[in-house]
Amino acid sequence: MKSDARSDRVLLEHIRECIDRISEYTGCKRSSFYASRLVQDAVVRNLQLLAESTQRLSNAVKETETDIPWRAIAGFRNVLVHGYLEIDLDAVWSVVEQDLPKLSRAIDRMVRSV
């Protein structure tokens, strides 16, 4: 995908949608996440998709949010995709609970600026 403001906007909107779906599926409740393998699978899939989209964002737009660990997001995506037999649900929930709110706020700011 060509790196331009329009492409960045599409990717940012996709990331926003993935975050919203994760919130919808879990209700932001740990118990909802752990109670259903279906929810776990949906959350993991959306984390994979949003991480893939972050890798496709232009460097220029990522540089507007230097507090976001873009490389770590890419690394986590690789763990989810390639380590599927060893996915640590506690680590996944930690990302959802601790990291997604910060990413969500950054994505909102980035959408407004592109």
# chains A, B, ... in the order shown; residues from 1 in each chain; ligands from 1
call {"tool": "residues_around", "arguments": {"residues": "Ile22 in chain A", "least_positions_apart": "4", "cutoff": "7 Å", "atoms": "only C-alpha atoms", "output": "PDB file with C-alpha atoms, in the first residue's frame"}}
result
ATOM      1  CA  CYS A  18     -10.002  -3.466  15.704  1.00  0.00           C
ATOM      2  CA  THR A  26     -14.712  -8.333  26.002  1.00  0.00           C
ATOM      3  CA  VAL A  43      -9.373 -10.717  20.450  1.00  0.00           C
ATOM      4  CA  ASN A  46      -8.023  -8.364  16.025  1.00  0.00           C
TER       5      ASN A  46
END
call {"tool": "residues_around", "arguments": {"residues": "Met110 in chain A", "least_positions_apart": "2", "cutoff": "10 Å", "atoms": "only C-alpha atoms", "output": "list in words"}}
result
Asp8, Arg9, Leu12, Glu13, Val61, Lys62, Thr64, Glu65, Ser104, Arg105, Ala106, Ile107, Asp108, Arg112, Ser113 and Val114 of chain A
call {"tool": "closest_residue", "arguments": {"among": "A:Val39, A:Ala5, A:Ala51, A:Leu103", "to": "Val79 in chain A", "atoms": "only C-alpha atoms"}}
result
A:Ala51
call {"tool": "closest_residue", "arguments": {"among": "A:His14, A:Arg21, A:Arg37, A:His82", "to": "Thr54 in chain A", "atoms": "only C-alpha atoms"}}
result
A:His14
call {"tool": "closest_residue", "arguments": {"among": "A:Ala60, A:Ile87, A:Ala74, A:Trp93", "to": "Ser31 in chain A", "atoms": "only C-alpha atoms"}}
result
A:Trp93
call {"tool": "select_by_dssp", "arguments": {"residues": "range 5-85 of chain A", "states": "alpha helix (DSSP H)", "output": "NGL selection string"}}
result
:A and (5-26 or 30-35 or 37-56 or 59-62 or 70-82)
call {"tool": "closest_residue", "arguments": {"among": "A:Cys28, A:Leu50, A:Leu57, A:Leu85", "to": "Gln98 in chain A", "atoms": "only C-alpha atoms"}}
result
A:Cys28
call {"tool": "residues_around", "arguments": {"residues": "Arg71 in chain A", "least_positions_apart": "3", "cutoff": "12 Å", "atoms": "only C-alpha atoms", "output": "mmCIF file with N, CA and C atoms, in the first residue's frame"}}
result
data_model
loop_
_atom_site.group_PDB
_atom_site.id
_atom_site.type_symbol
_atom_site.label_atom_id
_atom_site.label_comp_id
_atom_site.auth_asym_id
_atom_site.auth_seq_id
_atom_site.Cartn_x
_atom_site.Cartn_y
_atom_site.Cartn_z
ATOM 1 N N ALA A 51 -2.045 -4.903 14.620
ATOM 2 C CA ALA A 51 -0.582 -4.833 14.599
ATOM 3 C C ALA A 51 -0.050 -4.817 13.170
ATOM 4 N N GLU A 52 -0.677 -5.593 12.307
ATOM 5 C CA GLU A 52 -0.278 -5.591 10.888
ATOM 6 C C GLU A 52 -0.487 -4.197 10.292
ATOM 7 N N THR A 54 -0.424 -1.369 11.891
ATOM 8 C CA THR A 54 0.561 -0.422 12.423
ATOM 9 C C THR A 54 1.875 -0.527 11.662
ATOM 10 N N GLN A 55 2.196 -1.722 11.198
ATOM 11 C CA GLN A 55 3.444 -1.897 10.443
ATOM 12 C C GLN A 55 3.379 -1.216 9.082
ATOM 13 N N ARG A 56 2.195 -1.010 8.582
ATOM 14 C CA ARG A 56 2.033 -0.403 7.259
ATOM 15 C C ARG A 56 1.876 1.120 7.302
ATOM 16 N N ASN A 59 6.191 6.122 8.276
ATOM 17 C CA ASN A 59 7.059 6.567 9.372
ATOM 18 C C ASN A 59 6.680 7.967 9.830
ATOM 19 N N LYS A 62 3.783 7.698 12.233
ATOM 20 C CA LYS A 62 4.199 7.053 13.482
ATOM 21 C C LYS A 62 5.058 7.988 14.328
ATOM 22 N N THR A 66 5.547 9.316 19.450
ATOM 23 C CA THR A 66 6.800 8.653 19.818
ATOM 24 C C THR A 66 6.702 7.816 21.089
ATOM 25 N N ASP A 67 5.648 8.005 21.868
ATOM 26 C CA ASP A 67 5.480 7.204 23.086
ATOM 27 C C ASP A 67 4.907 5.817 22.811
ATOM 28 N N ILE A 68 4.451 5.599 21.606
ATOM 29 C CA ILE A 68 3.896 4.283 21.255
ATOM 30 C C ILE A 68 5.055 3.385 20.825
ATOM 31 N N ALA A 74 4.842 -4.652 16.619
ATOM 32 C CA ALA A 74 5.191 -5.577 15.529
ATOM 33 C C ALA A 74 5.687 -6.902 16.086
ATOM 34 N N GLY A 75 6.491 -6.833 17.120
ATOM 35 C CA GLY A 75 7.004 -8.053 17.741
ATOM 36 C C GLY A 75 5.895 -8.887 18.350
ATOM 37 N N PHE A 76 4.929 -8.224 18.981
ATOM 38 C CA PHE A 76 3.806 -8.936 19.573
ATOM 39 C C PHE A 76 2.970 -9.610 18.490
ATOM 40 N N ARG A 77 2.818 -8.941 17.365
ATOM 41 C CA ARG A 77 2.100 -9.525 16.230
ATOM 42 C C ARG A 77 2.779 -10.816 15.795
ATOM 43 N N ASN A 78 4.104 -10.783 15.726
ATOM 44 C CA ASN A 78 4.843 -11.986 15.318
ATOM 45 C C ASN A 78 4.646 -13.127 16.302
#
call {"tool": "atom_distance", "arguments": {"atom1": "CA of Ile19 in chain A", "atom2": "CA of Gly83 in chain A"}}
result
21.6 Å
call {"tool": "atom_distance", "arguments": {"atom1": "CA of Pro69 in chain A", "atom2": "CA of Asp99 in chain A"}}
result
9.8 Å
call {"tool": "residues_around", "arguments": {"residues": "Leu80 in chain A", "least_positions_apart": "6", "cutoff": "10 Å", "atoms": "only C-alpha atoms", "output": "PyMOL selection string"}}
result
chain A and resi 44-45+47-48+51+74+86-88+92
call {"tool": "atom_distance", "arguments": {"atom1": "CA of Gln40 in chain A", "atom2": "CA of Val96 in chain A"}}
result
11.1 Å
call {"tool": "closest_residue", "arguments": {"among": "A:Ser58, A:Ser23, A:Asp4, A:Val10", "to": "Leu100 in chain A", "atoms": "only C-alpha atoms"}}
result
A:Ser23
call {"tool": "closest_residue", "arguments": {"among": "A:Ala35, A:Ile73, A:Val111, A:Val81", "to": "Val95 in chain A", "atoms": "only C-alpha atoms"}}
result
A:Ile73
